[in-house]
file target_19.cif (mmCIF, C-alpha atoms)
data_protein
loop_
_atom_site.group_PDB
_atom_site.id
_atom_site.type_symbol
_atom_site.label_atom_id
_atom_site.label_comp_id
_atom_site.auth_asym_id
_atom_site.auth_seq_id
_atom_site.Cartn_x
_atom_site.Cartn_y
_atom_site.Cartn_z
ATOM 1 C CA MET A 139 -80.138 -66.386 -172.693
ATOM 2 C CA GLU A 140 -77.121 -67.085 -174.855
ATOM 3 C CA ASN A 141 -74.479 -69.268 -173.221
ATOM 4 C CA SER A 142 -71.679 -67.412 -171.486
ATOM 5 C CA ASN A 143 -68.121 -68.077 -172.658
ATOM 6 C CA ILE A 144 -66.248 -66.799 -169.627
ATOM 7 C CA GLY A 145 -62.704 -67.704 -170.499
ATOM 8 C CA GLN A 146 -63.385 -71.397 -170.951
ATOM 9 C CA HIS A 147 -60.019 -72.128 -172.533
ATOM 10 C CA ASP A 148 -58.019 -70.335 -169.816
ATOM 11 C CA VAL A 149 -59.979 -71.941 -166.994
ATOM 12 C CA SER A 150 -59.592 -75.383 -168.527
ATOM 13 C CA SER A 151 -55.853 -74.913 -168.728
ATOM 14 C CA TYR A 152 -55.712 -73.620 -165.165
ATOM 15 C CA SER A 153 -57.774 -76.532 -163.818
ATOM 16 C CA GLN A 154 -55.436 -79.016 -165.459
ATOM 17 C CA ASP A 155 -52.329 -77.380 -164.011
ATOM 18 C CA THR A 156 -53.409 -77.475 -160.376
ATOM 19 C CA SER A 157 -54.093 -80.326 -158.016
ATOM 20 C CA GLU A 158 -56.323 -78.237 -155.758
ATOM 21 C CA PRO A 159 -59.553 -80.115 -154.990
ATOM 22 C CA LYS A 160 -62.619 -78.535 -156.533
ATOM 23 C CA ARG A 161 -66.221 -78.654 -155.363
ATOM 24 C CA CYS A 162 -69.026 -77.002 -157.312
ATOM 25 C CA TRP A 163 -71.104 -74.850 -154.932
ATOM 26 C CA VAL A 164 -74.184 -75.305 -157.145
ATOM 27 C CA CYS A 165 -74.373 -79.087 -157.677
ATOM 28 C CA PHE A 166 -71.741 -80.039 -154.997
ATOM 29 C CA GLY A 167 -69.928 -82.153 -157.550
ATOM 30 C CA THR A 168 -66.144 -82.587 -157.229
ATOM 31 C CA ASN A 169 -63.340 -82.880 -159.721
ATOM 32 C CA ASP A 170 -63.380 -86.623 -159.073
ATOM 33 C CA ASP A 171 -66.711 -86.706 -160.887
ATOM 34 C CA ASP A 172 -65.247 -85.171 -164.061
ATOM 35 C CA ASN A 173 -65.218 -88.568 -165.735
ATOM 36 C CA GLU A 174 -68.988 -88.478 -165.727
ATOM 37 C CA SER A 175 -69.289 -84.791 -166.686
ATOM 38 C CA ASN A 176 -67.954 -82.870 -169.645
ATOM 39 C CA SER A 177 -68.511 -79.453 -168.007
ATOM 40 C CA ASP A 178 -65.520 -77.152 -167.569
ATOM 41 C CA TRP A 179 -64.612 -75.521 -164.265
ATOM 42 C CA VAL A 180 -64.549 -71.766 -163.743
ATOM 43 C CA SER A 181 -63.456 -69.521 -160.869
ATOM 44 C CA PRO A 182 -65.587 -66.377 -161.468
ATOM 45 C CA CYS A 183 -65.118 -64.495 -158.179
ATOM 46 C CA LYS A 184 -62.723 -63.638 -155.332
ATOM 47 C CA CYS A 185 -63.591 -66.653 -153.207
ATOM 48 C CA ARG A 186 -60.677 -68.884 -152.174
ATOM 49 C CA GLY A 187 -60.374 -72.581 -151.464
ATOM 50 C CA SER A 188 -62.349 -75.367 -153.038
ATOM 51 C CA SER A 189 -65.559 -73.311 -152.967
ATOM 52 C CA ARG A 190 -64.144 -70.886 -155.521
ATOM 53 C CA TRP A 191 -64.840 -73.388 -158.271
ATOM 54 C CA VAL A 192 -68.101 -73.999 -160.057
ATOM 55 C CA HIS A 193 -69.100 -75.872 -163.176
ATOM 56 C CA GLN A 194 -69.560 -73.636 -166.203
ATOM 57 C CA ASP A 195 -72.940 -75.235 -166.949
ATOM 58 C CA CYS A 196 -74.064 -74.861 -163.331
ATOM 59 C CA VAL A 197 -73.114 -71.194 -163.020
ATOM 60 C CA GLN A 198 -74.738 -70.435 -166.384
ATOM 61 C CA ARG A 199 -78.024 -71.917 -165.199
ATOM 62 C CA TRP A 200 -77.714 -69.965 -161.937
ATOM 63 C CA VAL A 201 -77.061 -66.694 -163.830
ATOM 64 C CA GLU A 202 -80.035 -67.347 -166.116
ATOM 65 C CA GLU A 203 -82.260 -67.836 -163.085
ATOM 66 C CA LYS A 204 -81.092 -64.544 -161.553
ATOM 67 C CA GLN A 205 -81.431 -62.534 -164.761
ATOM 68 C CA LYS A 206 -84.854 -63.920 -165.695
ATOM 69 C CA GLU A 207 -84.293 -63.115 -169.393
ATOM 70 C CA ASN A 208 -83.161 -59.561 -168.574
ATOM 71 C CA LEU A 209 -79.561 -59.543 -169.772
ATOM 72 C CA SER A 210 -78.887 -56.110 -168.245
ATOM 73 C CA VAL A 211 -79.217 -57.454 -164.679
ATOM 74 C CA LYS A 212 -75.884 -57.608 -162.855
ATOM 75 C CA VAL A 213 -75.195 -60.926 -161.135
ATOM 76 C CA HIS A 214 -72.945 -61.231 -158.070
ATOM 77 C CA CYS A 215 -71.388 -64.080 -156.159
ATOM 78 C CA PRO A 216 -73.672 -65.025 -153.238
ATOM 79 C CA GLN A 217 -70.631 -65.375 -150.925
ATOM 80 C CA CYS A 218 -68.111 -62.604 -151.663
ATOM 81 C CA HIS A 219 -70.571 -60.457 -153.711
ATOM 82 C CA THR A 220 -68.113 -60.058 -156.580
ATOM 83 C CA GLN A 221 -69.851 -59.072 -159.806
ATOM 84 C CA TYR A 222 -69.524 -61.781 -162.409
ATOM 85 C CA ILE A 223 -67.894 -60.850 -165.699
ATOM 86 C CA ILE A 224 -70.329 -62.165 -168.299
ATOM 87 C CA VAL A 225 -69.652 -62.181 -172.029
ATOM 88 C CA TYR A 226 -71.920 -63.237 -174.848
ATOM 89 C CA GLY A 227 -71.394 -64.440 -178.353
ATOM 90 C CA GLU A 228 -71.813 -61.923 -181.158
ATOM 91 C CA VAL A 229 -75.189 -61.633 -182.892
ATOM 92 C CA ASN A 230 -75.898 -60.313 -186.359
ATOM 93 C CA TYR A 231 -76.751 -56.704 -187.135
ATOM 94 C CA PHE A 232 -80.501 -57.300 -187.463
ATOM 95 C CA VAL A 233 -80.747 -58.861 -183.991
ATOM 96 C CA ARG A 234 -78.751 -55.972 -182.491
ATOM 97 C CA VAL A 235 -81.227 -53.527 -184.024
ATOM 98 C CA LEU A 236 -84.131 -55.490 -182.576
ATOM 99 C CA ASN A 237 -82.490 -55.528 -179.124
ATOM 100 C CA ASN A 238 -82.005 -51.751 -179.246
ATOM 101 C CA LEU A 239 -85.628 -51.322 -180.302
ATOM 102 C CA ASP A 240 -86.695 -53.395 -177.288
ATOM 103 C CA LYS A 241 -84.712 -51.121 -174.952
ATOM 104 C CA LEU A 242 -86.212 -48.011 -176.558
ATOM 105 C CA THR A 243 -89.719 -49.483 -176.342
ATOM 106 C CA ASN A 244 -89.214 -50.296 -172.675
ATOM 107 C CA LEU A 245 -88.111 -46.713 -171.954
ATOM 108 C CA VAL A 246 -90.999 -45.158 -173.892
ATOM 109 C CA CYS A 247 -93.550 -47.468 -172.272
ATOM 110 C CA THR A 248 -92.244 -46.528 -168.828
ATOM 111 C CA PHE A 249 -92.958 -42.835 -169.442
ATOM 112 C CA LEU A 250 -96.242 -43.669 -171.175
ATOM 113 C CA ALA A 251 -97.468 -45.861 -168.303
ATOM 114 C CA THR A 252 -96.503 -43.174 -165.781
ATOM 115 C CA GLY A 253 -98.439 -40.569 -167.759
ATOM 116 C CA ILE A 254 -101.498 -42.828 -167.970
ATOM 117 C CA VAL A 255 -101.460 -43.421 -164.198
ATOM 118 C CA ILE A 256 -101.076 -39.701 -163.427
ATOM 119 C CA ASN A 257 -103.813 -38.807 -165.926
ATOM 120 C CA SER A 258 -106.139 -41.412 -164.429
ATOM 121 C CA LEU A 259 -105.527 -40.097 -160.927
ATOM 122 C CA TYR A 260 -106.118 -36.530 -162.068
ATOM 123 C CA TRP A 261 -109.462 -37.207 -163.756
ATOM 124 C CA SER A 262 -110.522 -39.410 -160.854
ATOM 125 C CA ALA A 263 -109.832 -36.454 -158.547
ATOM 126 C CA VAL A 264 -111.856 -34.152 -160.837
ATOM 127 C CA TYR A 265 -114.792 -36.578 -160.856
ATOM 128 C CA TYR A 266 -114.576 -37.041 -157.084
ATOM 129 C CA GLY A 267 -114.525 -33.262 -156.530
ATOM 130 C CA ALA A 268 -117.599 -32.720 -158.700
ATOM 131 C CA THR A 269 -119.462 -35.623 -157.049
ATOM 132 C CA THR A 270 -118.601 -34.306 -153.593
ATOM 133 C CA LEU A 271 -119.935 -30.834 -154.405
ATOM 134 C CA MET A 272 -123.232 -32.276 -155.690
ATOM 135 C CA GLN A 273 -123.515 -34.527 -152.658
ATOM 136 C CA VAL A 274 -122.807 -31.772 -150.143
ATOM 137 C CA MET A 275 -124.675 -28.866 -151.730
ATOM 138 C CA GLY A 276 -127.312 -30.564 -153.848
ATOM 139 C CA ASN A 277 -127.305 -30.875 -157.623
ATOM 140 C CA THR A 278 -128.769 -27.453 -158.439
ATOM 141 C CA GLU A 279 -126.590 -25.448 -156.065
ATOM 142 C CA ALA A 280 -123.490 -27.441 -157.005
ATOM 143 C CA VAL A 281 -123.974 -26.814 -160.725
ATOM 144 C CA LYS A 282 -124.417 -23.071 -160.107
ATOM 145 C CA MET A 283 -121.308 -22.974 -157.945
ATOM 146 C CA MET A 284 -119.223 -24.859 -160.520
ATOM 147 C CA VAL A 285 -120.385 -22.477 -163.249
ATOM 148 C CA ASN A 286 -119.350 -19.508 -161.107
ATOM 149 C CA ILE A 287 -115.997 -21.090 -160.323
ATOM 150 C CA ASN A 288 -115.364 -21.861 -163.977
ATOM 151 C CA SER A 289 -115.937 -18.208 -164.891
ATOM 152 C CA HIS A 290 -113.016 -17.153 -162.681
ATOM 153 C CA PHE A 291 -110.717 -20.202 -162.597
ATOM 154 C CA PRO A 292 -110.517 -23.336 -164.728
ATOM 155 C CA LEU A 293 -112.787 -25.866 -163.060
ATOM 156 C CA GLN A 294 -110.294 -28.642 -163.797
ATOM 157 C CA LEU A 295 -107.822 -26.935 -161.446
ATOM 158 C CA VAL A 296 -110.273 -26.375 -158.587
ATOM 159 C CA LEU A 297 -112.049 -29.744 -158.392
ATOM 160 C CA PRO A 298 -108.896 -31.897 -157.835
ATOM 161 C CA LEU A 299 -108.068 -29.684 -154.838
ATOM 162 C CA ILE A 300 -111.091 -31.086 -152.972
ATOM 163 C CA PRO A 301 -109.744 -34.654 -152.436
ATOM 164 C CA LEU A 302 -106.241 -33.269 -151.916
ATOM 165 C CA SER A 303 -107.411 -30.895 -149.171
ATOM 166 C CA LEU A 304 -109.404 -33.682 -147.522
ATOM 167 C CA PHE A 305 -106.362 -35.938 -147.479
ATOM 168 C CA LEU A 306 -104.050 -33.246 -146.083
ATOM 169 C CA SER A 307 -106.548 -32.260 -143.400
ATOM 170 C CA ASN A 308 -106.782 -35.879 -142.316
ATOM 171 C CA LEU A 309 -103.037 -35.906 -141.666
ATOM 172 C CA VAL A 310 -103.377 -33.297 -138.912
ATOM 173 C CA ASN A 311 -103.106 -35.015 -135.536
ATOM 174 C CA TRP A 312 -105.327 -32.573 -133.682
ATOM 175 C CA GLU A 313 -106.302 -35.249 -131.122
ATOM 176 C CA VAL A 314 -102.736 -35.357 -129.791
ATOM 177 C CA THR A 315 -102.519 -31.563 -129.516
ATOM 178 C CA LEU A 316 -105.885 -31.369 -127.749
ATOM 179 C CA LEU A 317 -104.962 -34.160 -125.355
ATOM 180 C CA LEU A 318 -101.661 -32.539 -124.398
ATOM 181 C CA PHE A 319 -103.376 -29.175 -123.928
ATOM 182 C CA VAL A 320 -106.067 -30.646 -121.667
ATOM 183 C CA GLN A 321 -103.460 -32.489 -119.607
ATOM 184 C CA ARG A 322 -101.354 -29.378 -119.102
ATOM 185 C CA LEU A 323 -104.480 -27.406 -118.186
ATOM 186 C CA THR A 324 -105.501 -30.127 -115.716
ATOM 187 C CA LEU A 325 -102.098 -30.090 -114.058
ATOM 188 C CA GLN A 326 -102.230 -26.309 -113.677
ATOM 189 C CA GLN A 327 -105.792 -26.301 -112.312
ATOM 190 C CA PRO A 328 -106.111 -28.835 -109.449
ATOM 191 C CA LEU A 329 -109.882 -28.302 -109.364
ATOM 192 C CA LEU A 330 -110.198 -29.793 -112.859
ATOM 193 C CA ARG A 331 -108.712 -33.078 -111.673
ATOM 194 C CA THR A 332 -111.983 -33.906 -109.980
ATOM 195 C CA ILE A 333 -113.938 -33.182 -113.165
ATOM 196 C CA MET A 334 -111.757 -34.608 -115.939
ATOM 197 C CA PRO A 335 -111.807 -38.368 -116.626
ATOM 198 C CA SER A 336 -109.084 -40.267 -114.825
ATOM 199 C CA PHE A 337 -107.340 -41.370 -118.011
ATOM 200 C CA LEU A 338 -106.623 -37.734 -118.881
ATOM 201 C CA LEU A 339 -104.612 -37.388 -115.694
ATOM 202 C CA GLU A 340 -102.014 -39.816 -116.988
ATOM 203 C CA PRO A 341 -99.033 -37.775 -118.258
ATOM 204 C CA VAL A 342 -98.137 -38.253 -121.897
ATOM 205 C CA ASN A 343 -94.794 -37.312 -123.365
ATOM 206 C CA SER A 344 -95.439 -35.398 -126.574
ATOM 207 C CA SER A 345 -92.218 -36.539 -128.242
ATOM 208 C CA THR A 346 -92.950 -40.235 -127.761
ATOM 209 C CA SER A 347 -96.717 -40.389 -127.933
ATOM 210 C CA SER A 348 -96.955 -38.243 -131.069
ATOM 211 C CA VAL A 349 -94.694 -40.596 -132.974
ATOM 212 C CA GLN A 350 -96.739 -43.572 -131.846
ATOM 213 C CA LEU A 351 -100.040 -41.912 -132.655
ATOM 214 C CA ILE A 352 -98.900 -41.010 -136.147
ATOM 215 C CA SER A 353 -97.457 -44.433 -136.915
ATOM 216 C CA ASP A 354 -100.471 -46.454 -135.720
ATOM 217 C CA THR A 355 -102.613 -45.257 -138.651
ATOM 218 C CA HIS A 356 -101.991 -47.033 -141.926
ATOM 219 C CA PRO A 357 -101.858 -44.859 -145.075
ATOM 220 C CA LYS A 358 -104.743 -46.789 -146.656
ATOM 221 C CA ILE A 359 -106.900 -46.013 -143.610
ATOM 222 C CA THR A 360 -105.972 -42.331 -143.869
ATOM 223 C CA ILE A 361 -106.914 -42.225 -147.554
ATOM 224 C CA CYS A 362 -110.242 -44.008 -147.032
ATOM 225 C CA ALA A 363 -111.123 -41.820 -144.037
ATOM 226 C CA ALA A 364 -110.388 -38.661 -146.019
ATOM 227 C CA LEU A 365 -112.403 -39.696 -149.083
ATOM 228 C CA LEU A 366 -115.368 -40.963 -147.059
ATOM 229 C CA LEU A 367 -115.562 -37.843 -144.857
ATOM 230 C CA PRO A 368 -117.999 -35.881 -147.136
ATOM 231 C CA THR A 369 -120.354 -38.860 -147.399
ATOM 232 C CA ILE A 370 -120.335 -39.477 -143.650
ATOM 233 C CA ALA A 371 -120.745 -35.762 -142.881
ATOM 234 C CA THR A 372 -123.700 -35.510 -145.275
ATOM 235 C CA ASN A 373 -125.462 -38.531 -143.774
ATOM 236 C CA VAL A 374 -124.837 -37.410 -140.173
ATOM 237 C CA GLY A 375 -125.974 -33.867 -140.975
ATOM 238 C CA HIS A 376 -129.240 -34.998 -142.585
ATOM 239 C CA LEU A 377 -129.819 -37.494 -139.775
ATOM 240 C CA LEU A 378 -129.368 -34.980 -136.947
ATOM 241 C CA PHE A 379 -130.546 -31.744 -138.574
ATOM 242 C CA ASP A 380 -133.084 -32.973 -141.125
ATOM 243 C CA LYS A 381 -136.011 -31.067 -139.579
ATOM 244 C CA SER A 382 -134.116 -27.799 -139.282
ATOM 245 C CA SER A 383 -134.201 -24.943 -141.782
ATOM 246 C CA TYR A 384 -130.507 -25.249 -142.578
ATOM 247 C CA SER A 385 -129.339 -25.625 -146.157
ATOM 248 C CA SER A 386 -127.691 -28.826 -147.411
ATOM 249 C CA LEU A 387 -124.261 -27.262 -147.086
ATOM 250 C CA GLN A 388 -124.917 -26.144 -143.511
ATOM 251 C CA LYS A 389 -126.255 -29.571 -142.554
ATOM 252 C CA THR A 390 -123.163 -31.208 -144.024
ATOM 253 C CA LEU A 391 -120.822 -28.854 -142.180
ATOM 254 C CA LEU A 392 -122.621 -29.424 -138.869
ATOM 255 C CA GLY A 393 -122.683 -33.174 -139.467
ATOM 256 C CA GLY A 394 -118.971 -33.134 -140.237
ATOM 257 C CA LEU A 395 -118.192 -31.226 -137.054
ATOM 258 C CA VAL A 396 -120.235 -33.646 -134.960
ATOM 259 C CA TYR A 397 -118.630 -36.667 -136.600
ATOM 260 C CA VAL A 398 -115.072 -35.332 -136.245
ATOM 261 C CA ALA A 399 -115.670 -34.323 -132.614
ATOM 262 C CA VAL A 400 -117.158 -37.677 -131.573
ATOM 263 C CA LYS A 401 -114.504 -39.599 -133.471
ATOM 264 C CA GLY A 402 -111.759 -37.473 -131.916
ATOM 265 C CA VAL A 403 -113.001 -38.052 -128.362
ATOM 266 C CA ILE A 404 -113.179 -41.813 -128.950
ATOM 267 C CA ARG A 405 -109.700 -41.868 -130.488
ATOM 268 C CA ILE A 406 -108.277 -39.811 -127.597
ATOM 269 C CA TYR A 407 -109.814 -42.250 -125.110
ATOM 270 C CA GLN A 408 -108.492 -45.271 -127.014
ATOM 271 C CA ARG A 409 -104.995 -43.920 -127.579
ATOM 272 C CA GLN A 410 -104.544 -42.658 -124.050
ATOM 273 C CA HIS A 411 -105.484 -46.050 -122.635
ATOM 274 C CA ASN A 412 -103.072 -47.701 -125.069
ATOM 275 C CA VAL A 413 -100.322 -45.417 -123.748
ATOM 276 C CA ILE A 414 -101.202 -46.492 -120.209
ATOM 277 C CA LYS A 415 -101.217 -50.132 -121.322
ATOM 278 C CA ARG A 416 -97.734 -49.839 -122.828
ATOM 279 C CA ARG A 417 -96.459 -48.532 -119.508
ATOM 280 C CA THR A 418 -97.576 -51.756 -117.837
ATOM 281 C CA LEU A 419 -95.204 -53.781 -120.014
ATOM 282 C CA LYS A 420 -93.336 -56.377 -117.974
ATOM 283 C CA VAL A 421 -91.072 -59.208 -119.068
ATOM 284 C CA ILE A 422 -91.561 -62.319 -116.924
ATOM 285 C CA HIS A 423 -89.511 -65.460 -116.357
ATOM 286 C CA TYR A 424 -89.619 -68.126 -119.018
ATOM 287 C CA PRO A 425 -91.452 -71.170 -117.624
ATOM 288 C CA GLU A 426 -88.825 -73.682 -116.530
ATOM 289 C CA SER A 427 -91.183 -76.559 -117.150
ATOM 290 C CA ASN A 428 -91.248 -75.779 -120.878
ATOM 291 C CA THR A 429 -87.470 -75.538 -120.944
ATOM 292 C CA ASP A 430 -87.101 -78.906 -119.254
ATOM 293 C CA GLU A 431 -89.542 -80.516 -121.672
ATOM 294 C CA ASN A 432 -87.654 -79.138 -124.672
ATOM 295 C CA ASN A 433 -84.355 -80.413 -123.281
#

call {"tool": "encode", "arguments": {"input": "target_19.cif", "output": "structure tokens"}}
result
Amino acid sequence: MENSNIGQHDVSSYSQDTSEPKRCWVCFGTNDDDNESNSDWVSPCKCRGSSRWVHQDCVQRWVEEKQKENLSVKVHCPQCHTQYIIVYGEVNYFVRVLNNLDKLTNLVCTFLATGIVINSLYWSAVYYGATTLMQVMGNTEAVKMMVNINSHFPLQLVLPLIPLSLFLSNLVNWEVTLLLFVQRLTLQQPLLRTIMPSFLLEPVNSSTSSVQLISDTHPKITICAALLLPTIATNVGHLLFDKSSYSSLQKTLLGGLVYVAVKGVIRIYQRQHNVIKRRTLKVIHYPESNTDENN
């Protein structure tokens, strides 16, 4: 970065006209050390007192560290947050043209990189949709179905909807709705209290538990669960219904229903017990023995 010339002449004159003690907040040097340093003093912000001063060389190094070779970055005082007024020496016309070309290149590359990422995601979704159809329905049936789809709608518009629909369906918190429904039904029918598991009898506030149940699933887990659902459903379907006369699609659908149902029951059990656990929260006394040892 080119050295900043922030009013060096004016600051030098001002520093000579005042007897106020100065202390550089970067190197902690004082004006008594000026005999060993040729650096000028500058007051670049609204701070008052001796801490308002800083060596020109010190603040230039500090600004360079903050900008990291990006001269467009605004630098502020770490204390009063005043934006520093930074000026640079003039460069020739050729260098100015090169600098403008760099800015234009940076802008173009930003849009280009964004387009590449979006295009990669799109074609990945298309490939995933086609692979999922062949996995669920079998190669022959999947090819026939894709040919039929392509005769009515562009296949490139239909296939990306498969991973998107899987992801959106995985965002539905049906376990919470089912749990609240079962609890309300249990409260209304006393006879069911002897049949339902005891953990279902614990009341759950929908406004508080729903927020907790949504927030305890990380987005990366949601994405992986959605994308792996067809594979898991296919394997479960062929494992449980392999000897039946169902088609590959029917086996996959049945396997998916079994997997989602079993997973939902386990998640309801886990989450309900976690709600009960949170209600047992209790803050206890700090051990006095530890306090005495620290003192």

call {"tool": "resolve_selection", "arguments": {"input": "target_19.cif", "expression": "the PyMOL selection byres ((chain A and resi 189) around 7)", "output": "ChimeraX atom specification"}}
result
/A:160-163,185-188,190-191

call {"tool": "resolve_selection", "arguments": {"input": "target_19.cif", "expression": "the PyMOL selection byres ((chain A and resi 302-308) around 9)", "output": "short mmCIF file (atom, residue, chain, number, x, y, z; two decimals) with C-alpha atoms, keeping the file's coordinate frame"}}
result
data_model
loop_
_atom_site.label_atom_id
_atom_site.label_comp_id
_atom_site.auth_asym_id
_atom_site.auth_seq_id
_atom_site.Cartn_x
_atom_site.Cartn_y
_atom_site.Cartn_z
CA ALA A 263 -109.83 -36.45 -158.55
CA PRO A 298 -108.90 -31.90 -157.84
CA LEU A 299 -108.07 -29.68 -154.84
CA ILE A 300 -111.09 -31.09 -152.97
CA PRO A 301 -109.74 -34.65 -152.44
CA LEU A 309 -103.04 -35.91 -141.67
CA VAL A 310 -103.38 -33.30 -138.91
CA ASN A 311 -103.11 -35.02 -135.54
CA THR A 360 -105.97 -42.33 -143.87
CA ILE A 361 -106.91 -42.22 -147.55
CA CYS A 362 -110.24 -44.01 -147.03
CA ALA A 363 -111.12 -41.82 -144.04
CA ALA A 364 -110.39 -38.66 -146.02
CA LEU A 365 -112.40 -39.70 -149.08
CA LEU A 367 -115.56 -37.84 -144.86
CA PRO A 368 -118.00 -35.88 -147.14
#

call {"tool": "closest_residue", "arguments": {"input": "target_19.cif", "among": "A:Leu366, A:Lys241, A:Lys381, A:Ile406", "to": "Leu318 (chain A)", "atoms": "only C-alpha atoms"}}
result
A:Ile406

call {"tool": "closest_residue", "arguments": {"input": "target_19.cif", "among": "A:Tyr424, A:Cys218, A:Cys196, A:Val398", "to": "Trp312 (chain A)", "atoms": "all atoms listed in the file"}}
result
A:Val398

call {"tool": "atom_distance", "arguments": {"input": "target_19.cif", "atom1": "CA of Ile404 (chain A)", "atom2": "CA of Val314 (chain A)"}}
result
12.3 Å

call {"tool": "residues_near_point", "arguments": {"input": "target_19.cif", "point": "(-115.9, -37.6, -137.4)", "cutoff": "12 Å", "atoms": "only C-alpha atoms", "output": "VMD selection string"}}
result
chain A and resid 308 313 363 to 364 366 to 375 390 to 405

call {"tool": "atom_distance", "arguments": {"input": "target_19.cif", "atom1": "CA of Ser289 (chain A)", "atom2": "CA of Ser258 (chain A)"}}
result
25.2 Å

call {"tool": "atom_distance", "arguments": {"input": "target_19.cif", "atom1": "CA of Pro292 (chain A)", "atom2": "CA of Thr252 (chain A)"}}
result
24.3 Å

call {"tool": "residues_around", "arguments": {"input": "target_19.cif", "residues": "Trp179 (chain A)", "least_positions_apart": "6", "cutoff": "6 Å", "atoms": "only C-alpha atoms", "output": "short mmCIF file (atom, residue, chain, number, x, y, z; two decimals) with C-alpha atoms, in the coordinates of the input"}}
result
data_model
loop_
_atom_site.label_atom_id
_atom_site.label_comp_id
_atom_site.auth_asym_id
_atom_site.auth_seq_id
_atom_site.Cartn_x
_atom_site.Cartn_y
_atom_site.Cartn_z
CA VAL A 192 -68.10 -74.00 -160.06
CA HIS A 193 -69.10 -75.87 -163.18
CA GLN A 194 -69.56 -73.64 -166.20
#

call {"tool": "axis_aligned_box", "arguments": {"input": "target_19.cif", "around": "region 194-204 of chain A", "padding_each_side": "5 Å", "output": "AutoDock Vina command-line options"}}
result
--center_x -75.9 --center_y -69.9 --center_z -164.3 --size_x 22.7 --size_y 20.7 --size_z 15.4

call {"tool": "closest_residue", "arguments": {"input": "target_19.cif", "among": "A:Pro425, A:Gly167, A:Gln205, A:Cys183", "to": "Gln217 (chain A)", "atoms": "all atoms listed in the file"}}
result
A:Cys183

call {"tool": "closest_residue", "arguments": {"input": "target_19.cif", "among": "A:Lys282, A:Lys420, A:Lys389, A:Arg199", "to": "Cys165 (chain A)", "atoms": "only C-alpha atoms"}}
result
A:Arg199

call {"tool": "closest_residue", "arguments": {"input": "target_19.cif", "among": "A:Asn237, A:Phe249, A:Tyr231, A:Ile254", "to": "Leu209 (chain A)", "atoms": "all atoms listed in the file"}}
result
A:Asn237

call {"tool": "closest_residue", "arguments": {"input": "target_19.cif", "among": "A:Val197, A:Val164, A:Met275, A:Val264", "to": "Val180 (chain A)", "atoms": "only C-alpha atoms"}}
result
A:Val197
